[in-house]
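> Sharing input-v2.cif, mmCIF, C-alpha atoms:
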data_model
loop_
_atom_site.label_atom_id
_atom_site.label_comp_id
_atom_site.auth_asym_id
_atom_site.auth_seq_id
_atom_site.Cartn_x
_atom_site.Cartn_y
_atom_site.Cartn_z
CA MET A 117 14.82 -99.81 17.39
CA ARG A 118 13.06 -101.97 19.95
CA PHE A 119 9.72 -100.61 18.71
CA LEU A 120 10.46 -101.87 15.18
CA PHE A 121 10.88 -105.40 16.54
CA MET A 122 7.49 -105.16 18.24
CA VAL A 123 5.63 -104.10 15.08
CA PRO A 124 5.65 -107.61 13.53
CA VAL A 125 4.65 -109.15 16.86
CA LEU A 126 1.76 -106.74 17.30
CA ALA A 127 0.67 -107.16 13.70
CA LEU A 128 0.67 -110.94 14.14
CA LEU A 129 -1.36 -110.75 17.33
CA LEU A 130 -3.84 -108.35 15.80
CA GLY A 131 -3.65 -109.91 12.37
CA GLY A 132 -6.36 -112.47 12.93
CA CYS A 133 -8.84 -109.78 11.94
CA TYR A 134 -7.53 -108.90 8.53
CA SER A 135 -9.37 -106.57 6.20
CA ALA A 136 -11.62 -108.24 3.64
CA GLU A 137 -11.20 -105.13 1.49
CA ARG A 138 -7.64 -106.06 0.45
CA LYS A 139 -7.84 -107.50 -3.04
CA GLU A 140 -4.80 -109.79 -2.91
CA ILE A 141 -5.57 -111.70 0.28
CA LYS A 142 -5.12 -115.42 -0.24
CA ARG A 143 -8.17 -117.33 0.89
CA GLU A 144 -8.10 -120.87 2.31
CA SER A 145 -9.49 -122.26 -0.96
CA ASP A 146 -6.33 -121.05 -2.76
CA VAL A 147 -4.31 -123.83 -1.08
CA PHE A 148 -5.61 -126.28 -3.69
CA THR A 149 -4.50 -124.10 -6.62
CA LEU A 150 -1.11 -123.63 -4.98
CA SER A 151 -0.48 -127.37 -4.80
CA ALA A 152 -1.35 -127.74 -8.48
CA LEU A 153 0.88 -124.80 -9.41
CA CYS A 154 3.83 -125.69 -7.16
CA PRO A 155 4.99 -129.30 -7.53
CA GLU A 156 7.20 -128.78 -4.47
CA ARG A 157 4.05 -128.16 -2.43
CA ALA A 158 1.92 -130.94 -3.96
CA ASN A 159 1.93 -133.12 -0.82
CA GLU A 160 1.13 -130.27 1.52
CA GLU A 161 -2.58 -131.01 1.68
CA LYS A 162 -1.73 -134.49 2.97
CA TRP A 163 0.75 -132.99 5.44
CA ARG A 164 -1.84 -130.41 6.51
CA ASN A 165 -4.18 -133.24 7.58
CA GLN A 166 -1.58 -135.04 9.71
CA THR A 167 -2.03 -135.52 13.41
CA VAL A 168 0.68 -134.22 15.72
CA ASP A 169 2.07 -137.77 16.09
CA GLN A 170 2.14 -138.25 12.33
CA MET A 171 3.92 -134.91 11.98
CA ARG A 172 6.55 -136.05 14.49
CA GLU A 173 7.06 -139.31 12.57
CA SER A 174 7.18 -137.79 9.08
CA ARG A 175 8.91 -134.54 10.08
CA LYS A 176 6.91 -132.94 7.26
CA ILE A 177 5.31 -129.60 8.04
CA PRO A 178 3.37 -127.81 5.33
CA SER A 179 4.36 -124.29 4.47
CA VAL A 180 2.30 -121.53 5.97
CA ASP A 181 1.19 -118.58 3.91
CA PHE A 182 0.87 -114.84 4.36
CA GLU A 183 -1.12 -112.06 2.83
CA PHE A 184 0.49 -110.16 -0.01
CA ASP A 185 3.01 -107.59 1.28
CA GLY A 186 2.35 -108.38 4.92
CA ILE A 187 3.08 -110.46 7.97
CA VAL A 188 -0.52 -111.45 8.59
CA LEU A 189 -1.04 -115.20 8.32
CA VAL A 190 -3.92 -116.59 6.28
CA PRO A 191 -6.49 -118.39 8.50
CA SER A 192 -5.49 -121.91 7.39
CA SER A 193 -1.98 -121.34 8.78
CA TYR A 194 -3.05 -121.26 12.44
CA GLU A 195 -4.14 -124.90 12.44
CA VAL A 196 -0.71 -125.97 11.15
CA LEU A 197 1.12 -123.77 13.65
CA ASP A 198 -0.95 -125.08 16.56
CA LYS A 199 0.07 -128.63 15.59
CA VAL A 200 3.72 -127.57 15.37
CA ALA A 201 3.47 -125.99 18.82
CA ALA A 202 1.89 -129.13 20.28
CA LEU A 203 4.64 -131.24 18.70
CA MET A 204 7.43 -129.04 20.03
CA VAL A 205 5.97 -128.73 23.53
CA ALA A 206 5.56 -132.52 23.78
CA ASN A 207 9.04 -133.18 22.34
CA ARG A 208 11.42 -130.73 24.02
CA SER A 209 14.46 -132.16 22.21
CA MET A 210 13.03 -131.05 18.84
CA LYS A 211 14.51 -128.00 17.14
CA LEU A 212 12.82 -126.03 14.38
CA ILE A 213 14.31 -124.04 11.52
CA VAL A 214 11.89 -121.45 10.13
CA GLU A 215 12.72 -119.97 6.72
CA GLY A 216 10.76 -117.03 5.34
CA HIS A 217 10.37 -116.34 1.62
CA THR A 218 8.74 -113.58 -0.43
CA ASP A 219 7.63 -113.10 -4.01
CA GLU A 220 9.59 -110.88 -6.43
CA VAL A 221 7.54 -107.72 -5.83
CA GLY A 222 9.61 -105.06 -4.05
CA SER A 223 13.25 -104.28 -3.46
CA ASP A 224 15.80 -106.80 -2.22
CA GLU A 225 16.16 -104.93 1.07
CA TYR A 226 12.42 -104.81 1.70
CA ASN A 227 11.93 -108.49 0.82
CA ASP A 228 14.81 -109.48 3.10
CA TRP A 229 13.16 -107.57 5.95
CA LEU A 230 9.71 -109.00 5.12
CA SER A 231 10.88 -112.62 4.96
CA SER A 232 12.72 -112.23 8.28
CA ALA A 233 9.68 -110.56 9.84
CA ARG A 234 7.48 -113.45 8.68
CA ALA A 235 9.85 -116.04 10.15
CA ASN A 236 10.05 -114.07 13.40
CA ALA A 237 6.25 -113.75 13.49
CA ILE A 238 6.04 -117.54 13.35
CA LYS A 239 8.59 -117.82 16.15
CA SER A 240 6.59 -115.34 18.24
CA TYR A 241 3.36 -117.24 17.61
CA LEU A 242 4.91 -120.59 18.53
CA SER A 243 6.52 -119.06 21.63
CA SER A 244 3.11 -117.74 22.69
CA ARG A 245 1.90 -121.35 22.49
CA GLY A 246 4.57 -122.62 24.90
CA VAL A 247 7.48 -123.45 22.57
CA HIS A 248 10.83 -122.39 24.02
CA PRO A 249 12.26 -119.62 21.80
CA ASP A 250 15.79 -121.09 21.92
CA SER A 251 14.52 -124.18 20.09
CA ILE A 252 13.65 -122.09 17.01
CA LYS A 253 16.07 -120.51 14.51
CA THR A 254 14.72 -118.09 11.92
CA TYR A 255 16.05 -117.03 8.53
CA GLY A 256 14.78 -114.66 5.88
CA HIS A 257 15.70 -115.46 2.29
CA GLY A 258 13.73 -112.65 0.66
CA LYS A 259 13.10 -113.42 -2.99
CA ARG A 260 16.32 -115.42 -3.51
CA ARG A 261 14.75 -118.91 -3.34
CA PRO A 262 11.53 -118.85 -5.38
CA LEU A 263 9.60 -122.04 -6.06
CA ILE A 264 8.47 -120.52 -9.35
CA LYS A 265 10.83 -118.28 -11.32
CA ASN A 266 9.44 -115.24 -13.17
CA ASP A 267 6.49 -115.01 -10.79
CA ASP A 268 4.48 -112.44 -12.70
CA SER A 269 1.09 -114.08 -12.05
CA PRO A 270 -0.77 -113.68 -8.74
CA GLU A 271 -0.80 -117.48 -8.33
CA ALA A 272 2.96 -117.78 -8.79
CA ARG A 273 3.59 -114.92 -6.38
CA ALA A 274 1.34 -116.62 -3.80
CA CYS A 275 3.33 -119.83 -4.24
CA ASN A 276 6.61 -118.04 -3.52
CA ARG A 277 5.20 -116.15 -0.51
CA ARG A 278 5.67 -118.75 2.24
CA VAL A 279 7.42 -119.92 5.38
CA GLU A 280 9.00 -123.37 5.39
CA PHE A 281 10.02 -125.56 8.32
CA THR A 282 12.73 -128.11 9.07
CA LEU A 283 12.48 -130.27 12.19
CA THR A 284 15.59 -131.78 13.75
CA THR A 285 16.77 -133.26 17.03
CA ARG A 286 20.40 -132.25 16.40
CA GLU A 287 22.04 -129.63 18.57
CA TRP A 288 22.42 -126.19 16.96
CA ASN A 289 26.23 -126.29 17.12
CA THR A 290 26.24 -129.45 14.96
CA ILE A 291 24.08 -127.85 12.27
CA TYR A 292 25.75 -124.47 11.79
#
As structure tokens, please, write out the structure in this file.

Amino acid sequence: MRFLFMVPVLALLLGGCYSAERKEIKRESDVFTLSALCPERANEEKWRNQTVDQMRESRKIPSVDFEFDGIVLVPSSYEVLDKVAALMVANRSMKLIVEGHTDEVGSDEYNDWLSSARANAIKSYLSSRGVHPDSIKTYGHGKRRPLIKNDDSPEARACNRRVEFTLTTREWNTIY
């Protein structure tokens, strides 16, 4: 069982070198089409360009994206996560809620596992950058909270395949 927990961590660490042969890999240029397709993510390009101080002030963190059917982050996600890590390391009272989401492809059980694995991969990445693991809570929602319903197009599926963040300074016992 312990080995199964390590698979997402190892895949994340090794995932920087993803295969260009996969046909459904979301490229960095797809971020622009996602903001047009997903009104909920329209401001993310602005949030993506924030400094760490601006991120602390606004408490807005853009979603990070994953390859189809995997826990490998797309390259544009690392810049966002590095800013989140810098923010959390500099502000130890900050807490972070990480919520993983998938598209509608696959069974409920698989998508629940995948969304949790994605959220935990983010937690592992941030922890490797100096963020204390106890300051991060992760949740996997599977396909239960899509941004676009009936996601039968590749663009809609890419929009729903995400990890979202909530920053807070409240103690965990006052939130849950």
> Would you place a box with edges along x, y and z of the file around all atoms of stretch 180-199 of chain A listed there, add 4 Å to each of its six sides, and report the centre and edge lengths in Å to one decimal, as JSON?

{"center_x": -1.7, "center_y": -118.1, "center_z": 8.3, "size_x": 17.6, "size_y": 29.0, "size_z": 24.6}
> Between A:Ile213, A:Leu242, A:Val205, A:Leu189, which residue has the minimum interatomic distance to A:Arg175, considering all atoms listed in the file?
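Going through A:Ile213, A:Leu242, A:Val205, A:Leu189 one by one, the smallest distance to A:Arg175 is for A:Ile213.
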> Given only C-alpha atoms as the basis, pick out the residue of A:Tyr241, A:Lys259, A:Arg172, A:Glu195 nearest to A:Asp224.
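Smallest distance to A:Asp224 is found for A:Lys259.
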> Which of these, A:Leu197, A:Pro262, A:Arg278, A:Ile187, has the shortest distance to A:Asn236 once you count only C-alpha atoms?
A:Ile187
> For a test of reading the model, state the distance in Å between atom CA of A:Asp185 and atom CA of A:Thr218, rounded to one decimal.
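Here the two named atoms are 8.5 Å from each other.
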> Just the number, please: distance in Å from atom CA of A:Gly186 to atom CA of A:Ala233, one decimal.
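Separating atom CA of A:Gly186 from atom CA of A:Ala233 is a distance of 9.1 Å.
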> Between atom CA of A:Ala274 and atom CA of A:Asn227, what is the spacing in Å?
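Result for atom CA of A:Asn227 versus atom CA of A:Ala274: 14.1 Å, one decimal.
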